[in-house]
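Structure data (PDB, C-alpha atoms) from input13.pdb:
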```pdb
ATOM      1  CA  MET V 214     284.761 107.312  78.523  1.00  0.00           C
ATOM      2  CA  LEU V 215     282.909 104.642  76.563  1.00  0.00           C
ATOM      3  CA  SER V 216     279.126 104.767  76.570  1.00  0.00           C
ATOM      4  CA  ILE V 217     276.983 101.665  76.920  1.00  0.00           C
ATOM      5  CA  ILE V 218     276.079 102.074  73.235  1.00  0.00           C
ATOM      6  CA  ASP V 219     279.768 101.806  72.279  1.00  0.00           C
ATOM      7  CA  LEU V 220     279.842  98.329  73.813  1.00  0.00           C
ATOM      8  CA  LEU V 221     276.953  96.971  71.718  1.00  0.00           C
ATOM      9  CA  PRO V 222     277.738  94.569  68.847  1.00  0.00           C
ATOM     10  CA  SER V 223     277.832  96.258  65.463  1.00  0.00           C
ATOM     11  CA  HIS V 224     275.672  95.316  62.487  1.00  0.00           C
ATOM     12  CA  THR V 225     277.051  95.373  58.959  1.00  0.00           C
ATOM     13  CA  GLY V 226     275.815  98.406  57.077  1.00  0.00           C
ATOM     14  CA  TRP V 227     274.409 100.176  60.138  1.00  0.00           C
ATOM     15  CA  THR V 228     275.596 103.674  60.985  1.00  0.00           C
ATOM     16  CA  LYS V 229     275.884 105.381  64.356  1.00  0.00           C
ATOM     17  CA  LEU V 230     274.746 108.994  64.508  1.00  0.00           C
ATOM     18  CA  PRO V 231     273.887 111.308  67.416  1.00  0.00           C
ATOM     19  CA  LEU V 232     270.187 111.739  68.173  1.00  0.00           C
ATOM     20  CA  GLY V 233     270.277 115.507  67.707  1.00  0.00           C
ATOM     21  CA  ARG V 234     271.521 115.089  64.155  1.00  0.00           C
ATOM     22  CA  ILE V 235     268.872 112.626  62.977  1.00  0.00           C
ATOM     23  CA  ALA V 236     265.954 113.916  65.083  1.00  0.00           C
ATOM     24  CA  PRO V 237     266.613 117.551  65.992  1.00  0.00           C
ATOM     25  CA  ARG V 238     264.719 119.235  68.778  1.00  0.00           C
ATOM     26  CA  VAL V 239     261.844 121.471  67.672  1.00  0.00           C
ATOM     27  CA  LYS V 240     260.111 124.236  69.636  1.00  0.00           C
ATOM     28  CA  GLU V 241     257.013 124.915  67.564  1.00  0.00           C
ATOM     29  CA  ILE V 242     254.434 126.817  69.641  1.00  0.00           C
ATOM     30  CA  GLY V 243     251.352 128.992  69.230  1.00  0.00           C
ATOM     31  CA  GLN V 244     248.576 126.422  68.692  1.00  0.00           C
ATOM     32  CA  PRO V 245     246.699 126.323  72.019  1.00  0.00           C
ATOM     33  CA  GLU V 246     243.594 124.873  70.347  1.00  0.00           C
ATOM     34  CA  LEU V 247     245.320 121.508  69.749  1.00  0.00           C
ATOM     35  CA  GLU V 248     244.623 118.530  71.997  1.00  0.00           C
ATOM     36  CA  PRO V 249     246.916 118.236  75.050  1.00  0.00           C
ATOM     37  CA  LEU V 250     249.057 115.085  75.026  1.00  0.00           C
ATOM     38  CA  SER V 251     251.027 113.281  77.731  1.00  0.00           C
ATOM     39  CA  VAL V 252     253.812 110.708  77.836  1.00  0.00           C
ATOM     40  CA  PHE V 253     253.172 107.535  79.830  1.00  0.00           C
ATOM     41  CA  LEU V 254     255.637 104.768  80.610  1.00  0.00           C
ATOM     42  CA  ASP V 255     253.291 102.030  79.427  1.00  0.00           C
ATOM     43  CA  GLN V 256     251.740 103.679  76.360  1.00  0.00           C
ATOM     44  CA  GLY V 257     254.075 106.394  75.182  1.00  0.00           C
ATOM     45  CA  VAL V 258     252.419 109.515  73.752  1.00  0.00           C
ATOM     46  CA  VAL V 259     248.631 109.594  74.153  1.00  0.00           C
ATOM     47  CA  PRO V 260     245.907 112.230  74.550  1.00  0.00           C
ATOM     48  CA  ARG V 261     245.597 113.408  78.155  1.00  0.00           C
ATOM     49  CA  SER V 262     241.846 112.830  77.915  1.00  0.00           C
ATOM     50  CA  SER V 263     242.387 109.096  77.333  1.00  0.00           C
ATOM     51  CA  ARG V 264     243.831 108.602  80.826  1.00  0.00           C
ATOM     52  CA  SER V 265     242.383 109.315  84.250  1.00  0.00           C
ATOM     53  CA  ASP V 266     245.683 108.919  86.118  1.00  0.00           C
ATOM     54  CA  ASN V 267     247.408 112.110  84.953  1.00  0.00           C
ATOM     55  CA  HIS V 268     247.158 114.500  87.888  1.00  0.00           C
ATOM     56  CA  ASN V 269     249.460 117.207  86.513  1.00  0.00           C
ATOM     57  CA  GLU V 270     247.652 120.485  85.916  1.00  0.00           C
ATOM     58  CA  LEU V 271     247.744 122.128  82.508  1.00  0.00           C
ATOM     59  CA  GLY V 272     249.566 125.458  82.368  1.00  0.00           C
ATOM     60  CA  GLU V 273     247.640 128.698  82.111  1.00  0.00           C
ATOM     61  CA  ASP V 274     249.078 129.676  78.712  1.00  0.00           C
ATOM     62  CA  LEU V 275     248.681 126.785  76.257  1.00  0.00           C
ATOM     63  CA  ALA V 276     250.072 129.002  73.488  1.00  0.00           C
ATOM     64  CA  LYS V 277     253.500 128.282  74.986  1.00  0.00           C
ATOM     65  CA  TYR V 278     252.973 124.524  74.763  1.00  0.00           C
ATOM     66  CA  LEU V 279     255.032 122.628  72.179  1.00  0.00           C
ATOM     67  CA  VAL V 280     253.340 121.340  69.043  1.00  0.00           C
ATOM     68  CA  VAL V 281     253.680 117.588  68.489  1.00  0.00           C
ATOM     69  CA  ARG V 282     253.090 116.145  65.039  1.00  0.00           C
ATOM     70  CA  PRO V 283     252.594 112.475  64.104  1.00  0.00           C
ATOM     71  CA  GLY V 284     256.008 110.829  63.953  1.00  0.00           C
ATOM     72  CA  ASP V 285     257.636 113.171  66.465  1.00  0.00           C
ATOM     73  CA  ILE V 286     259.488 111.710  69.446  1.00  0.00           C
ATOM     74  CA  VAL V 287     258.517 113.226  72.793  1.00  0.00           C
ATOM     75  CA  PHE V 288     260.648 112.943  75.939  1.00  0.00           C
ATOM     76  CA  ASN V 289     259.518 113.521  79.513  1.00  0.00           C
ATOM     77  CA  LYS V 290     262.952 114.651  80.649  1.00  0.00           C
ATOM     78  CA  LEU V 291     262.383 113.548  84.274  1.00  0.00           C
ATOM     79  CA  ARG V 292     261.184 110.073  83.224  1.00  0.00           C
ATOM     80  CA  THR V 293     263.250 109.395  80.099  1.00  0.00           C
ATOM     81  CA  TRP V 294     265.440 106.976  82.083  1.00  0.00           C
ATOM     82  CA  GLN V 295     262.339 104.824  82.775  1.00  0.00           C
ATOM     83  CA  GLY V 296     261.055 104.853  79.197  1.00  0.00           C
ATOM     84  CA  GLY V 297     259.094 108.087  79.534  1.00  0.00           C
ATOM     85  CA  LEU V 298     259.351 108.774  75.824  1.00  0.00           C
ATOM     86  CA  GLY V 299     257.623 107.738  72.660  1.00  0.00           C
ATOM     87  CA  VAL V 300     256.649 108.374  69.079  1.00  0.00           C
ATOM     88  CA  SER V 301     253.409 110.278  68.666  1.00  0.00           C
ATOM     89  CA  LYS V 302     250.566 109.123  66.453  1.00  0.00           C
ATOM     90  CA  HIS V 303     248.660 112.281  67.333  1.00  0.00           C
ATOM     91  CA  LEU V 304     248.673 115.972  66.496  1.00  0.00           C
ATOM     92  CA  GLY V 305     248.643 117.890  69.760  1.00  0.00           C
ATOM     93  CA  ILE V 306     250.597 119.892  72.310  1.00  0.00           C
ATOM     94  CA  VAL V 307     252.764 119.049  75.312  1.00  0.00           C
ATOM     95  CA  SER V 308     254.256 120.987  78.200  1.00  0.00           C
ATOM     96  CA  PRO V 309     257.310 123.092  77.313  1.00  0.00           C
ATOM     97  CA  ALA V 310     259.122 121.058  79.976  1.00  0.00           C
ATOM     98  CA  TYR V 311     259.204 118.146  77.471  1.00  0.00           C
ATOM     99  CA  TYR V 312     261.577 117.675  74.558  1.00  0.00           C
ATOM    100  CA  VAL V 313     260.010 117.268  71.116  1.00  0.00           C
ATOM    101  CA  CYS V 314     262.239 115.835  68.384  1.00  0.00           C
ATOM    102  CA  ARG V 315     261.299 115.572  64.727  1.00  0.00           C
ATOM    103  CA  PRO V 316     263.009 112.688  62.880  1.00  0.00           C
ATOM    104  CA  LYS V 317     264.445 113.482  59.481  1.00  0.00           C
ATOM    105  CA  SER V 318     263.092 111.803  56.360  1.00  0.00           C
ATOM    106  CA  GLU V 319     265.591 108.929  56.505  1.00  0.00           C
ATOM    107  CA  VAL V 320     264.575 108.024  60.071  1.00  0.00           C
ATOM    108  CA  ASP V 321     261.480 106.099  61.166  1.00  0.00           C
ATOM    109  CA  GLY V 322     260.022 107.458  64.409  1.00  0.00           C
ATOM    110  CA  THR V 323     258.566 104.116  65.475  1.00  0.00           C
ATOM    111  CA  TYR V 324     261.972 102.479  65.106  1.00  0.00           C
ATOM    112  CA  LEU V 325     263.466 105.181  67.337  1.00  0.00           C
ATOM    113  CA  HIS V 326     260.650 104.643  69.836  1.00  0.00           C
ATOM    114  CA  TYR V 327     261.542 100.980  70.272  1.00  0.00           C
ATOM    115  CA  LEU V 328     265.310 101.435  70.099  1.00  0.00           C
ATOM    116  CA  LEU V 329     265.312 104.051  72.855  1.00  0.00           C
ATOM    117  CA  ARG V 330     263.137 101.805  75.036  1.00  0.00           C
ATOM    118  CA  SER V 331     265.552  98.863  74.751  1.00  0.00           C
ATOM    119  CA  ALA V 332     267.527  97.845  77.847  1.00  0.00           C
ATOM    120  CA  PRO V 333     270.942  99.142  76.665  1.00  0.00           C
ATOM    121  CA  TYR V 334     269.513 102.526  75.726  1.00  0.00           C
ATOM    122  CA  LEU V 335     267.582 102.902  78.976  1.00  0.00           C
ATOM    123  CA  GLN V 336     270.810 102.110  80.825  1.00  0.00           C
ATOM    124  CA  GLU V 337     272.639 104.754  78.825  1.00  0.00           C
ATOM    125  CA  LEU V 338     269.867 107.310  79.351  1.00  0.00           C
ATOM    126  CA  THR V 339     270.019 106.640  83.087  1.00  0.00           C
ATOM    127  CA  ARG V 340     273.812 106.916  83.078  1.00  0.00           C
ATOM    128  CA  ILE V 341     273.819 110.389  81.528  1.00  0.00           C
ATOM    129  CA  SER V 342     270.927 111.718  83.621  1.00  0.00           C
ATOM    130  CA  LYS V 343     271.281 113.768  86.778  1.00  0.00           C
ATOM    131  CA  TRP V 344     269.802 112.332  89.982  1.00  0.00           C
ATOM    132  CA  MET V 345     266.824 114.359  91.215  1.00  0.00           C
ATOM    133  CA  PRO V 346     265.578 113.161  94.640  1.00  0.00           C
ATOM    134  CA  PRO V 347     263.425 111.408  95.601  1.00  0.00           C
ATOM    135  CA  SER V 348     262.929 109.219  92.512  1.00  0.00           C
ATOM    136  CA  GLN V 349     263.661 111.074  89.276  1.00  0.00           C
ATOM    137  CA  PHE V 350     266.541 111.682  86.911  1.00  0.00           C
ATOM    138  CA  ASP V 351     266.746 114.918  84.931  1.00  0.00           C
ATOM    139  CA  ILE V 352     268.299 114.593  81.484  1.00  0.00           C
ATOM    140  CA  SER V 353     269.599 117.690  79.715  1.00  0.00           C
ATOM    141  CA  TRP V 354     269.183 118.220  75.998  1.00  0.00           C
ATOM    142  CA  ASP V 355     272.941 118.741  75.691  1.00  0.00           C
ATOM    143  CA  GLN V 356     273.423 115.159  76.926  1.00  0.00           C
ATOM    144  CA  LEU V 357     270.446 113.614  75.141  1.00  0.00           C
ATOM    145  CA  ARG V 358     271.282 115.019  71.715  1.00  0.00           C
ATOM    146  CA  LEU V 359     274.697 113.319  71.805  1.00  0.00           C
ATOM    147  CA  VAL V 360     273.355 109.796  72.398  1.00  0.00           C
ATOM    148  CA  ASP V 361     274.480 107.649  69.468  1.00  0.00           C
ATOM    149  CA  ILE V 362     271.658 106.000  67.541  1.00  0.00           C
ATOM    150  CA  LEU V 363     272.263 102.701  65.747  1.00  0.00           C
ATOM    151  CA  LEU V 364     270.686 103.230  62.359  1.00  0.00           C
ATOM    152  CA  PRO V 365     270.102 100.740  59.529  1.00  0.00           C
ATOM    153  CA  ASP V 366     268.636 101.886  56.207  1.00  0.00           C
ATOM    154  CA  LEU V 367     265.063 103.199  56.258  1.00  0.00           C
ATOM    155  CA  SER V 368     263.402 100.037  54.913  1.00  0.00           C
ATOM    156  CA  THR V 369     265.104  97.952  57.606  1.00  0.00           C
ATOM    157  CA  GLN V 370     264.004 100.440  60.260  1.00  0.00           C
ATOM    158  CA  VAL V 371     260.400 100.153  59.065  1.00  0.00           C
ATOM    159  CA  ASN V 372     260.527  96.349  59.003  1.00  0.00           C
ATOM    160  CA  ILE V 373     261.981  96.219  62.527  1.00  0.00           C
ATOM    161  CA  ALA V 374     259.336  98.635  63.769  1.00  0.00           C
ATOM    162  CA  LYS V 375     256.497  96.612  62.191  1.00  0.00           C
ATOM    163  CA  GLU V 376     257.737  93.367  63.744  1.00  0.00           C
ATOM    164  CA  LEU V 377     258.093  94.957  67.175  1.00  0.00           C
ATOM    165  CA  GLU V 378     254.605  96.470  66.830  1.00  0.00           C
ATOM    166  CA  ARG V 379     253.262  92.991  66.060  1.00  0.00           C
ATOM    167  CA  GLN V 380     255.036  91.372  68.995  1.00  0.00           C
ATOM    168  CA  THR V 381     253.963  94.159  71.344  1.00  0.00           C
ATOM    169  CA  GLU V 382     250.332  93.725  70.267  1.00  0.00           C
ATOM    170  CA  VAL V 383     250.560  89.979  71.000  1.00  0.00           C
ATOM    171  CA  ILE V 384     251.916  90.713  74.482  1.00  0.00           C
ATOM    172  CA  GLU V 385     249.154  93.285  75.158  1.00  0.00           C
ATOM    173  CA  ASN V 386     246.502  90.779  74.059  1.00  0.00           C
ATOM    174  CA  GLN V 387     247.988  88.160  76.392  1.00  0.00           C
ATOM    175  CA  LYS V 388     247.955  90.669  79.274  1.00  0.00           C
ATOM    176  CA  GLN V 389     244.267  91.419  78.626  1.00  0.00           C
ATOM    177  CA  LEU V 390     243.451  87.700  78.481  1.00  0.00           C
ATOM    178  CA  LEU V 391     245.308  87.097  81.748  1.00  0.00           C
ATOM    179  CA  SER V 392     243.406  89.963  83.363  1.00  0.00           C
ATOM    180  CA  LEU V 393     240.100  88.446  82.227  1.00  0.00           C
ATOM    181  CA  LEU V 394     241.110  85.014  83.534  1.00  0.00           C
ATOM    182  CA  ILE V 395     242.002  86.493  86.931  1.00  0.00           C
ATOM    183  CA  GLU V 396     238.626  88.262  87.046  1.00  0.00           C
ATOM    184  CA  LYS V 397     236.879  84.995  86.133  1.00  0.00           C
ATOM    185  CA  ARG V 398     238.771  83.089  88.830  1.00  0.00           C
ATOM    186  CA  THR V 399     237.827  85.702  91.429  1.00  0.00           C
ATOM    187  CA  SER V 400     234.200  85.509  90.301  1.00  0.00           C
ATOM    188  CA  VAL V 401     234.139  81.700  90.546  1.00  0.00           C
ATOM    189  CA  ILE V 402     235.692  81.739  94.023  1.00  0.00           C
ATOM    190  CA  THR V 403     233.264  84.417  95.215  1.00  0.00           C
ATOM    191  CA  GLU V 404     230.241  82.643  93.748  1.00  0.00           C
ATOM    192  CA  PHE V 405     231.264  79.328  95.286  1.00  0.00           C
ATOM    193  CA  LEU V 406     231.889  80.787  98.735  1.00  0.00           C
ATOM    194  CA  PHE V 407     229.061  83.289  98.966  1.00  0.00           C
ATOM    195  CA  GLY V 408     226.650  82.522  96.144  1.00  0.00           C
ATOM    196  CA  GLY V 409     224.314  79.676  95.347  1.00  0.00           C
ATOM    197  CA  ASN V 410     226.950  76.952  95.884  1.00  0.00           C
ATOM    198  CA  SER V 411     227.815  77.994  99.429  1.00  0.00           C
ATOM    199  CA  LYS V 412     226.488  75.981 102.363  1.00  0.00           C
TER     200      LYS V 412
END
```
Turn this file's structure into structure tokens for me.
Amino acid sequence: MLSIIDLLPSHTGWTKLPLGRIAPRVKEIGQPELEPLSVFLDQGVVPRSSRSDNHNELGEDLAKYLVVRPGDIVFNKLRTWQGGLGVSKHLGIVSPAYYVCRPKSEVDGTYLHYLLRSAPYLQELTRISKWMPPSQFDISWDQLRLVDILLPDLSTQVNIAKELERQTEVIENQKQLLSLLIEKRTSVITEFLFGGNSK
């Protein structure tokens, strides 16, 4: 059966290799003193302490938590289908329920981060995941490691990643500006109705 990735147009000079071959899973443990990290749909891998909306409790034995190094790709296996994955810029630890993959030297982690968050890849990740009611999909490592990754040479990967980082930053700045404009509009309406301009 053809995967969604098989139906994508090919690029000259690009290879197609399974994820597990270019970014094998690692299970490094035994560093409970490192900062706990989490994977969020909107930000990827960030320190738990940077967010107030993570209500999952830390386990009792942090020595069993997986070590994450900068450049590693971390997957929340119940949220991978939604984009619950990302490249880490931090040294830390995550729950052993996550998958931690360490890209080989010829693979750029940031490129993988964006590729796996693209629409075709999210569709493929959803397709190979197992439905877990009420609203989650569990993806097994045996399925995830076989997902074919479209891979140009390293310099092209880096250039693609840099351009997508730039475009993402522009979008985030626009979102912040829009949020400020909405706040300003609300303030103007409130002041006019209930402040000094009201009659």
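Proximity ranking of V:Gln244, V:Gln389, V:Gln295, V:Gln356 relative to Val307 in chain V places V:Gln244 first, based on all atoms listed in the file.
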| request: Evaluate the PyMOL selection byres ((chain V and resi 260-275) around 10) on the structure here and hand back the selected residues as a list of chain:residue names. | output: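 Answer for the PyMOL selection byres ((chain V and resi 260-275) around 10): V:Ile242, V:Gly243, V:Gln244, V:Pro245, V:Glu246, V:Leu247, V:Glu248, V:Pro249, V:Leu250, V:Ser251, V:Val252, V:Phe253, V:Val258, V:Val259, V:Ala276, V:Lys277, V:Tyr278, V:Leu279, V:Ser301, V:Lys302, V:His303, V:Leu304, V:Gly305, V:Ile306, V:Val307, V:Ser308, V:Pro309.
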| field | Residue contacts of range 321-328 of chain V (12 Å, only C-alpha atoms) excluding same-chain residues fewer than 4 positions away, as a PyMOL selection string | value | chain V and resi 218+232+235-236+254+256-258+282-288+293+296-302+313-317+332-335+337-338+360-378+380-381
| field | Length of the CA of Gly233 in chain V to CA of Trp354 in chain V vector [Å] | value |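 One can read the CA of Gly233 in chain V to CA of Trp354 in chain V distance as 8.8 Å.
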Please, what is the axis-aligned box for every listed atom of range 384-399 of chain V with 6 Å on each side, as centre and edge lengths in Å to one decimal, as JSON?
```
{"center_x": 244.4, "center_y": 88.2, "center_z": 82.7, "size_x": 27.0, "size_y": 22.2, "size_z": 29.4}
```
| task | Quick one: apply the PyMOL selection byres ((chain V and resi 353) around 9) to the file and drop the selected residues here as a list of chain:residue names. | result |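 That expression, the PyMOL selection byres ((chain V and resi 353) around 9), corresponds here to V:Lys290, V:Ile341, V:Ser342, V:Lys343, V:Asp351, V:Ile352, V:Trp354, V:Asp355, V:Gln356, V:Leu357, V:Arg358.
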| said: Quick check, in Å to one decimal: how far apart do CA of Arg234 in chain V and CA of Val320 in chain V lie? | reply: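 For CA of Arg234 in chain V relative to CA of Val320 in chain V, the distance reads 10.7 Å.
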| task | State, in Å with one decimal place, the distance from CA of Val280 in chain V to CA of Tyr311 in chain V. | result |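 Here the two named atoms are 10.8 Å from each other.
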| Among listed residues V:Gly408, V:Trp294, V:Arg398, V:Gln349, nearest Gln336 in chain V (using only C-alpha atoms) |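 Nearest candidate to Gln336 in chain V out of V:Gly408, V:Trp294, V:Arg398, V:Gln349: V:Trp294.
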| task | Name the closest residue to Met345 in chain V among the candidates V:Pro222, V:Arg292, V:Val383, V:Arg238; distances are taken between atoms, counting only C-alpha atoms. | result |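 For Met345 in chain V, the nearest of the given residues is V:Arg292.
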Hey, could you patch up range 327-343 of chain V with N, CA and C atoms and hand it over as a compact mmCIF listing (two decimals), in the coordinates of the input?
```txt
# COMPACT_ATOMS: atom_id res chain seq x y z
N TYR V 327 261.18 102.28 69.70
CA TYR V 327 261.54 100.98 70.27
C TYR V 327 263.02 100.90 70.63
N LEU V 328 263.87 101.47 69.81
CA LEU V 328 265.31 101.44 70.10
C LEU V 328 265.61 102.11 71.43
N LEU V 329 265.04 103.29 71.63
CA LEU V 329 265.31 104.05 72.86
C LEU V 329 264.70 103.42 74.10
N ARG V 330 263.75 102.51 73.91
CA ARG V 330 263.14 101.80 75.04
C ARG V 330 263.81 100.45 75.30
N SER V 331 264.83 100.12 74.53
CA SER V 331 265.55 98.86 74.75
C SER V 331 266.42 98.98 76.00
N ALA V 332 266.77 97.85 76.59
CA ALA V 332 267.53 97.84 77.85
C ALA V 332 268.85 98.61 77.76
N PRO V 333 269.67 98.40 76.71
CA PRO V 333 270.94 99.14 76.67
C PRO V 333 270.74 100.65 76.59
N TYR V 334 269.73 101.08 75.84
CA TYR V 334 269.51 102.53 75.73
C TYR V 334 268.96 103.12 77.02
N LEU V 335 268.07 102.40 77.69
CA LEU V 335 267.58 102.90 78.98
C LEU V 335 268.71 102.98 80.00
N GLN V 336 269.65 102.04 79.94
CA GLN V 336 270.81 102.11 80.82
C GLN V 336 271.66 103.34 80.51
N GLU V 337 271.85 103.60 79.22
CA GLU V 337 272.64 104.75 78.82
C GLU V 337 271.93 106.06 79.20
N LEU V 338 270.62 106.11 79.00
CA LEU V 338 269.87 107.31 79.35
C LEU V 338 269.91 107.56 80.86
N THR V 339 269.89 106.49 81.63
CA THR V 339 270.02 106.64 83.09
C THR V 339 271.42 107.12 83.46
N ARG V 340 272.42 106.57 82.77
CA ARG V 340 273.81 106.92 83.08
C ARG V 340 274.09 108.40 82.88
N ILE V 341 273.51 109.00 81.84
CA ILE V 341 273.82 110.39 81.53
C ILE V 341 272.84 111.37 82.18
N SER V 342 271.89 110.85 82.95
CA SER V 342 270.93 111.72 83.62
C SER V 342 271.44 112.14 84.99
N LYS V 343 270.90 113.24 85.47
CA LYS V 343 271.28 113.77 86.78
C LYS V 343 270.24 113.38 87.81
```
